[in-house]
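Raw contents of start-v1.cif, mmCIF, C-alpha atoms:
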```
data_coords
loop_
_atom_site.label_atom_id
_atom_site.label_comp_id
_atom_site.auth_asym_id
_atom_site.auth_seq_id
_atom_site.Cartn_x
_atom_site.Cartn_y
_atom_site.Cartn_z
CA MET A 1 138.51 53.24 113.95
CA GLN A 2 141.11 52.81 111.21
CA GLN A 3 144.45 54.31 112.30
CA VAL A 4 145.92 56.47 109.54
CA ALA A 5 149.38 58.06 109.66
CA PHE A 6 149.94 61.64 108.50
CA LEU A 7 153.47 62.96 108.07
CA THR A 8 153.43 66.62 109.12
CA GLN A 9 155.33 68.94 111.40
CA HIS A 10 153.13 71.99 110.84
CA GLY A 11 149.98 71.11 112.78
CA LYS A 12 147.82 69.91 109.90
CA VAL A 13 146.14 66.94 111.60
CA PRO A 14 143.09 68.90 112.88
CA LEU A 15 142.50 70.18 109.34
CA LEU A 16 141.84 66.61 108.12
CA THR A 17 140.06 65.17 111.14
CA GLU A 18 136.47 66.18 110.38
CA ALA A 19 136.46 65.23 106.69
CA LEU A 20 138.12 61.82 107.14
CA ALA A 21 136.21 60.87 110.29
CA ALA A 22 133.32 60.10 107.91
CA LEU A 23 135.43 57.16 106.65
CA GLY A 24 135.93 55.86 110.17
CA TRP A 25 139.53 57.06 110.14
CA GLN A 26 141.53 58.41 113.05
CA ILE A 27 144.42 60.58 111.87
CA GLN A 28 147.66 60.44 113.83
CA ALA A 29 150.64 62.72 113.31
CA VAL A 30 153.95 61.07 112.47
CA SER A 31 157.25 62.62 113.45
CA GLY A 32 160.80 61.41 112.95
CA PHE A 33 161.37 63.00 109.55
CA ASP A 34 162.05 66.66 108.79
CA THR A 35 159.70 67.40 105.89
CA ASP A 36 161.64 70.61 105.20
CA LEU A 37 164.37 68.36 103.77
CA LEU A 38 162.06 67.94 100.76
CA GLY A 39 161.83 71.71 100.28
CA SER A 40 160.71 74.67 102.37
CA PHE A 41 158.46 77.67 101.79
CA ALA A 42 161.02 80.13 103.09
CA GLY A 43 163.54 78.94 100.53
CA GLU A 44 166.27 77.58 102.83
CA ARG A 45 166.03 74.25 101.04
CA PRO A 46 165.06 74.16 97.34
CA ARG A 47 162.37 71.82 96.06
CA PHE A 48 163.64 69.02 93.84
CA MET A 49 160.37 67.15 93.22
CA THR A 50 157.02 68.15 91.79
CA ALA A 51 154.27 68.83 94.32
CA ALA A 52 152.57 65.53 93.43
CA GLU A 53 155.81 63.57 93.80
CA CYS A 54 156.50 65.23 97.14
CA ALA A 55 153.02 64.48 98.53
CA LEU A 56 153.37 60.83 97.45
CA ARG A 57 156.82 60.59 99.04
CA LYS A 58 155.51 61.99 102.31
CA ALA A 59 152.55 59.56 102.28
CA ALA A 60 154.88 56.59 101.77
CA LEU A 61 157.16 57.84 104.56
CA ALA A 62 154.15 58.22 106.88
CA ALA A 63 153.22 54.57 106.38
CA GLU A 64 156.82 53.41 106.67
CA LEU A 65 157.70 55.35 109.83
CA SER A 66 154.45 54.48 111.61
CA GLY A 67 154.10 50.87 110.48
CA SER A 68 150.56 51.72 109.37
CA ALA A 69 149.01 50.35 106.18
CA ILE A 70 147.67 53.80 105.27
CA GLY A 71 149.74 56.96 105.07
CA ILE A 72 148.94 60.54 104.08
CA GLY A 73 151.26 63.24 102.83
CA SER A 74 150.55 66.84 101.83
CA GLU A 75 152.21 69.48 99.72
CA GLY A 76 151.24 73.06 99.01
CA SER A 77 152.36 75.45 96.30
CA PHE A 78 151.85 79.09 95.40
CA ASN A 79 151.81 80.30 91.81
CA ALA A 80 150.45 83.16 89.72
CA GLY A 81 146.67 83.16 89.51
CA PRO A 82 144.54 83.02 86.33
CA TYR A 83 145.72 85.52 83.71
CA GLY A 84 148.59 86.40 86.04
CA LEU A 85 146.25 88.01 88.58
CA GLY A 86 146.78 87.32 92.27
CA THR A 87 148.37 84.28 93.87
CA LEU A 88 146.87 80.79 93.62
CA ASN A 89 147.38 78.41 96.55
CA GLN A 90 147.09 74.76 95.52
CA GLU A 91 147.06 71.99 98.13
CA LEU A 92 147.58 68.29 97.41
CA LEU A 93 146.79 65.45 99.79
CA CYS A 94 148.07 62.01 98.82
CA CYS A 95 146.83 58.85 100.52
CA VAL A 96 148.55 55.49 100.02
CA ASN A 97 147.44 52.04 101.12
CA ILE A 98 150.51 49.80 101.23
CA ASP A 99 148.58 46.57 101.79
CA GLU A 100 146.08 47.11 98.98
CA GLY A 101 148.52 48.78 96.58
CA TRP A 102 146.80 52.05 95.68
CA ALA A 103 147.39 55.78 95.95
CA VAL A 104 144.84 58.60 95.66
CA THR A 105 145.74 62.29 95.36
CA ALA A 106 143.23 65.03 96.11
CA VAL A 107 143.49 68.68 95.17
CA ALA A 108 142.01 72.01 96.19
CA GLN A 109 142.97 75.52 95.21
CA GLN A 110 141.89 79.11 95.64
CA LEU A 111 143.27 82.62 95.37
CA CYS A 112 145.07 83.85 98.45
CA SER A 113 146.71 87.04 99.68
CA ALA A 114 150.36 85.95 99.95
CA ARG A 115 152.36 89.17 100.22
CA SER A 116 155.98 90.32 100.24
CA TRP A 117 157.55 93.74 100.88
CA GLN A 118 161.04 95.22 100.70
CA LEU A 119 161.45 97.50 103.72
CA THR A 120 163.96 100.31 104.08
CA ASP A 121 162.60 101.99 107.20
CA ALA A 122 160.30 101.20 110.12
CA ALA A 123 157.70 103.71 108.94
CA MET A 124 156.92 101.46 105.96
CA LEU A 125 156.29 98.57 108.34
CA GLN A 126 153.96 100.68 110.48
CA THR A 127 151.66 101.16 107.46
CA ILE A 128 151.77 97.48 106.46
CA LEU A 129 151.13 95.74 109.78
CA PRO A 130 147.49 96.92 110.19
CA THR A 131 146.66 95.21 106.87
CA ILE A 132 147.84 91.75 108.02
CA PRO A 133 144.87 89.36 108.43
CA ASN A 134 144.14 88.01 111.91
CA GLY A 135 146.22 84.94 112.67
CA GLN A 136 148.60 85.38 109.75
CA LEU A 137 152.21 85.16 110.94
CA LEU A 138 155.20 86.73 109.23
CA LEU A 139 158.83 86.10 108.39
CA LEU A 140 161.76 88.44 107.95
CA LYS A 141 164.80 87.97 105.70
CA GLN A 142 168.04 89.88 105.49
CA GLU A 143 170.95 88.25 103.67
CA ALA A 144 171.62 85.03 105.65
CA ARG A 145 169.31 86.03 108.53
CA LEU A 146 165.83 84.54 108.77
CA GLU A 147 163.14 84.75 111.44
CA LYS A 148 159.86 82.84 111.07
CA ALA A 149 156.44 82.69 112.76
CA LEU A 150 156.48 86.30 113.90
CA THR A 151 153.43 88.13 115.13
CA PRO A 152 153.09 91.68 113.79
CA ALA A 153 154.43 93.03 117.09
CA GLN A 154 157.43 90.69 116.98
CA ALA A 155 158.05 91.56 113.32
CA LEU A 156 158.09 95.26 114.19
CA LEU A 157 160.61 94.81 116.99
CA CYS A 158 162.89 92.55 114.94
CA CYS A 159 162.68 94.76 111.86
CA GLU A 160 163.61 97.89 113.79
CA GLN A 161 166.78 96.13 114.95
CA TRP A 162 167.70 94.73 111.54
CA LEU A 163 167.16 97.91 109.53
CA ALA A 164 170.39 99.32 110.94
CA ARG A 165 172.17 96.87 108.63
CA GLY A 166 170.13 97.58 105.49
CA ALA A 167 166.90 96.64 103.73
CA VAL A 168 164.71 93.86 105.13
CA THR A 169 162.26 91.57 103.27
CA LEU A 170 158.94 91.01 105.00
CA GLU A 171 156.73 88.12 103.85
CA TYR A 172 153.75 86.08 104.93
CA ASP A 173 154.90 82.88 106.63
CA LEU A 174 153.16 80.36 104.38
CA ARG A 175 153.65 77.27 106.49
CA ALA A 176 150.29 75.74 107.32
CA HIS A 177 150.29 76.50 111.05
CA CYS A 178 151.07 80.17 110.29
CA SER A 179 148.57 80.80 107.48
CA PRO A 180 144.79 80.74 108.14
CA GLU A 181 144.04 81.07 104.41
CA ARG A 182 146.14 78.03 103.61
CA GLN A 183 144.47 76.06 106.41
CA GLN A 184 141.12 76.62 104.72
CA VAL A 185 142.42 75.24 101.41
CA ILE A 186 143.83 72.17 103.17
CA ARG A 187 140.37 71.56 104.68
CA LEU A 188 138.92 71.70 101.16
CA ALA A 189 141.57 69.22 99.97
CA ALA A 190 140.67 66.89 102.84
CA ASP A 191 137.03 66.96 101.78
CA ASN A 192 138.07 66.24 98.18
CA LEU A 193 140.21 63.34 99.42
CA ARG A 194 137.22 61.85 101.23
CA GLN A 195 135.11 62.09 98.07
CA ARG A 196 137.79 60.51 95.90
CA LEU A 197 138.34 57.66 98.36
CA GLN A 198 134.62 56.90 98.26
CA GLN A 199 134.54 56.91 94.44
CA LEU A 200 135.40 53.33 93.43
CA CYS A 201 136.22 52.06 89.96
CA PRO A 202 133.20 50.05 88.67
CA ARG A 203 135.54 47.36 87.36
CA CYS A 204 138.40 46.83 89.84
CA HIS A 205 136.85 48.65 92.83
CA LYS A 206 140.01 50.63 93.62
CA PRO A 207 139.33 54.13 95.02
CA GLY A 208 140.04 57.39 93.25
CA PHE A 209 137.83 56.92 90.18
CA TRP A 210 137.36 60.65 89.78
CA PRO A 211 136.15 62.60 86.72
CA GLU A 212 138.86 65.20 86.07
CA LEU A 213 140.01 64.85 82.45
CA PRO A 214 138.23 67.59 80.42
CA LEU A 215 136.37 66.51 77.29
CA ALA A 216 136.25 69.21 74.60
CA GLY A 217 133.68 69.36 71.80
CA LEU A 218 130.44 70.62 73.33
CA PRO A 219 128.17 71.04 70.25
CA CYS A 220 126.95 74.46 69.19
CA ALA A 221 123.26 75.11 69.94
CA ASP A 222 122.74 76.54 66.42
CA CYS A 223 124.84 74.51 63.99
CA GLY A 224 125.70 71.44 66.05
CA GLN A 225 129.42 71.65 65.29
CA PRO A 226 131.86 70.86 68.13
CA THR A 227 133.34 73.79 70.01
CA SER A 228 136.31 74.11 72.33
CA GLN A 229 133.99 74.21 75.33
CA HIS A 230 133.96 71.19 77.60
CA ARG A 231 131.14 68.71 77.20
CA GLY A 232 132.04 66.87 80.38
CA LEU A 233 134.76 65.11 82.31
CA ARG A 234 136.28 61.65 82.02
CA ALA A 235 137.27 59.38 84.90
CA CYS A 236 140.17 57.01 84.19
CA CYS A 237 141.18 54.19 86.53
CA ARG A 238 144.96 54.18 86.86
CA TYR A 239 144.95 50.48 87.80
CA CYS A 240 142.72 48.72 85.24
CA ASP A 241 142.39 51.54 82.62
CA TYR A 242 138.59 51.52 82.79
CA GLN A 243 137.11 54.83 81.62
CA GLN A 244 133.75 56.53 82.04
CA ASP A 245 132.52 59.88 80.75
CA PHE A 246 130.40 62.24 82.82
CA LEU A 247 128.70 64.68 80.43
CA HIS A 248 127.20 68.07 81.25
CA SER A 249 123.42 68.17 81.36
CA SER A 250 123.26 71.44 79.37
CA GLY A 251 124.22 69.62 76.17
CA PHE A 252 124.96 72.65 73.95
CA ALA A 253 127.38 75.58 73.75
CA ASP A 254 126.46 79.22 73.20
CA PRO A 255 126.83 80.04 69.45
CA ALA A 256 128.98 83.01 70.50
CA ASN A 257 131.69 80.46 71.36
CA CYS A 258 131.31 78.51 68.12
CA PRO A 259 134.15 78.89 65.54
CA GLN A 260 131.62 78.11 62.77
CA CYS A 261 128.88 80.58 63.78
CA ASN A 262 131.20 83.20 65.22
CA PRO A 263 134.57 82.82 63.46
#
```
Now, as a test, write the supplied structure out as structure tokens.
Amino acid sequence: MQQVAFLTQHGKVPLLTEALAALGWQIQAVSGFDTDLLGSFAGERPRFMTAAECALRKAALAAELSGSAIGIGSEGSFNAGPYGLGTLNQELLCCVNIDEGWAVTAVAQQLCSARSWQLTDAAMLQTILPTIPNGQLLLLKQEARLEKALTPAQALLCCEQWLARGAVTLEYDLRAHCSPERQQVIRLAADNLRQRLQQLCPRCHKPGFWPELPLAGLPCADCGQPTSQHRGLRACCRYCDYQQDFLHSSGFADPANCPQCNP
């Protein structure tokens, strides 16, 4: 089995094990570095890198701290969903191979139910707690005070004590070991990482040759003119610049989406 180092302090190793076992990899957690120094979900430390940069940094640190040739780092983010509806959780997993000189970043995303409430009395909390999904832990904020990884019962007790000093903010604890929804997205990212690692460039044979660049110009079924709809995806090797297009089998766009037929 290939030993692979994963820098995490939030219990993510089991989320990767099944997907990457297919590669003959054994994932081992690496400690010795506080990943919250690169930014935290609760906001104690601001983020100063993009999610992709942070995942790459963590992967490099995993290899460095463990002495392993292969390191993995992860980074999650939460943003407004499509058209501003809901919250979109995106998870990145970056894998680096120091000896062979490559890095591959996988991605998965889906809508989630990240929530936040401003509480002024315990009665508000009593109506909220029954709606919390099973396994989802909570955090409480009040000025400089912060409590994480609270069960609903613990959140109720803590909140009742804090409300004597004013309003309290209740939020989902979005760290991976506290959020079942986020764990599912990380599993999807692990599966995407396995697929990308198995997809080799036809020219230089480096992994990560993945079709993800949209190609516009799907021709209209009536007039044949290009539309804004995607006609496929392009894979670009970041090492030798080889490119390959993967076109949709449908071949034509609905005339309703054609600027010529339906201006």
Item to check | Picked residues, the PyMOL selection byres ((chain A and resi 165-172) around 7), as a PyMOL selection string | outcome: chain A and resi 114-120+137-142+162-164+173-174
Checklist entry - Written as a ChimeraX atom specification, which residues does the PyMOL selection byres ((chain A and resi 33) around 9) give for the file shown? => result /A:7-9,30-32,34-37,61,65
Go ahead and write the selection's residues with C-alpha atoms as a PDB file, in the coordinates of the input.
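And here is the file that came out, selection-v2.pdb:
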```pdb
ATOM      1  CA  LEU A   7     153.470  62.960 108.070  1.00  0.00           C
ATOM      2  CA  THR A   8     153.430  66.620 109.120  1.00  0.00           C
ATOM      3  CA  GLN A   9     155.330  68.940 111.400  1.00  0.00           C
ATOM      4  CA  VAL A  30     153.950  61.070 112.470  1.00  0.00           C
ATOM      5  CA  SER A  31     157.250  62.620 113.450  1.00  0.00           C
ATOM      6  CA  GLY A  32     160.800  61.410 112.950  1.00  0.00           C
ATOM      7  CA  ASP A  34     162.050  66.660 108.790  1.00  0.00           C
ATOM      8  CA  THR A  35     159.700  67.400 105.890  1.00  0.00           C
ATOM      9  CA  ASP A  36     161.640  70.610 105.200  1.00  0.00           C
ATOM     10  CA  LEU A  37     164.370  68.360 103.770  1.00  0.00           C
ATOM     11  CA  LEU A  61     157.160  57.840 104.560  1.00  0.00           C
ATOM     12  CA  LEU A  65     157.700  55.350 109.830  1.00  0.00           C
TER      13      LEU A  65
END
```
Item to check | Who sits within 10 Å of A:Cys236, all atoms listed in the file, same chain under 4 positions skipped, as a ChimeraX atom specification | outcome: /A:201,208-213,240-245
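Each of A:Ala176, A:Pro133, A:Ala190, A:Ile70 was compared to A:Gly101 using all atoms listed in the file, and A:Ile70 turns out to be the nearest.
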Checklist entry - Taking all atoms listed in the file into account, which of A:Gln199, A:Ser68, A:Thr17, A:Asn262 comes nearest A:Ile98? => result A:Ser68
Next on the checklist: What's around stretch 103-109 of chain A at 6 Å? Count all atoms listed in the file, leave out sequence neighbours fewer than 5 positions away in its own chain, and write the answer as an MDAnalysis selection string.
Outcome noted: chainID A and resid 89:96 188:189 192:193 208
Just want the 7 Å neighbourhood of A:Gly24, counted on all atoms listed in the file, with same-chain residues fewer than 3 positions away dropped. Output as a PDB file with C-alpha atoms, in the frame of the given file.
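Result written to selection19.pdb:
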```pdb
ATOM      1  CA  MET A   1     138.510  53.240 113.950  1.00  0.00           C
ATOM      2  CA  GLN A   2     141.110  52.810 111.210  1.00  0.00           C
ATOM      3  CA  ALA A  21     136.210  60.870 110.290  1.00  0.00           C
TER       4      ALA A  21
END
```
Next on the checklist: Using Å and a single decimal, report how far atom CA of A:Cys261 sits from atom CA of A:Cys220.
Outcome noted: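 Straight-line distance from atom CA of A:Cys220 to atom CA of A:Cys261 works out to 8.4 Å.
Taking atom CA of A:Val13 and atom CA of A:Leu146 as endpoints, the distance between them is 26.6 Å.
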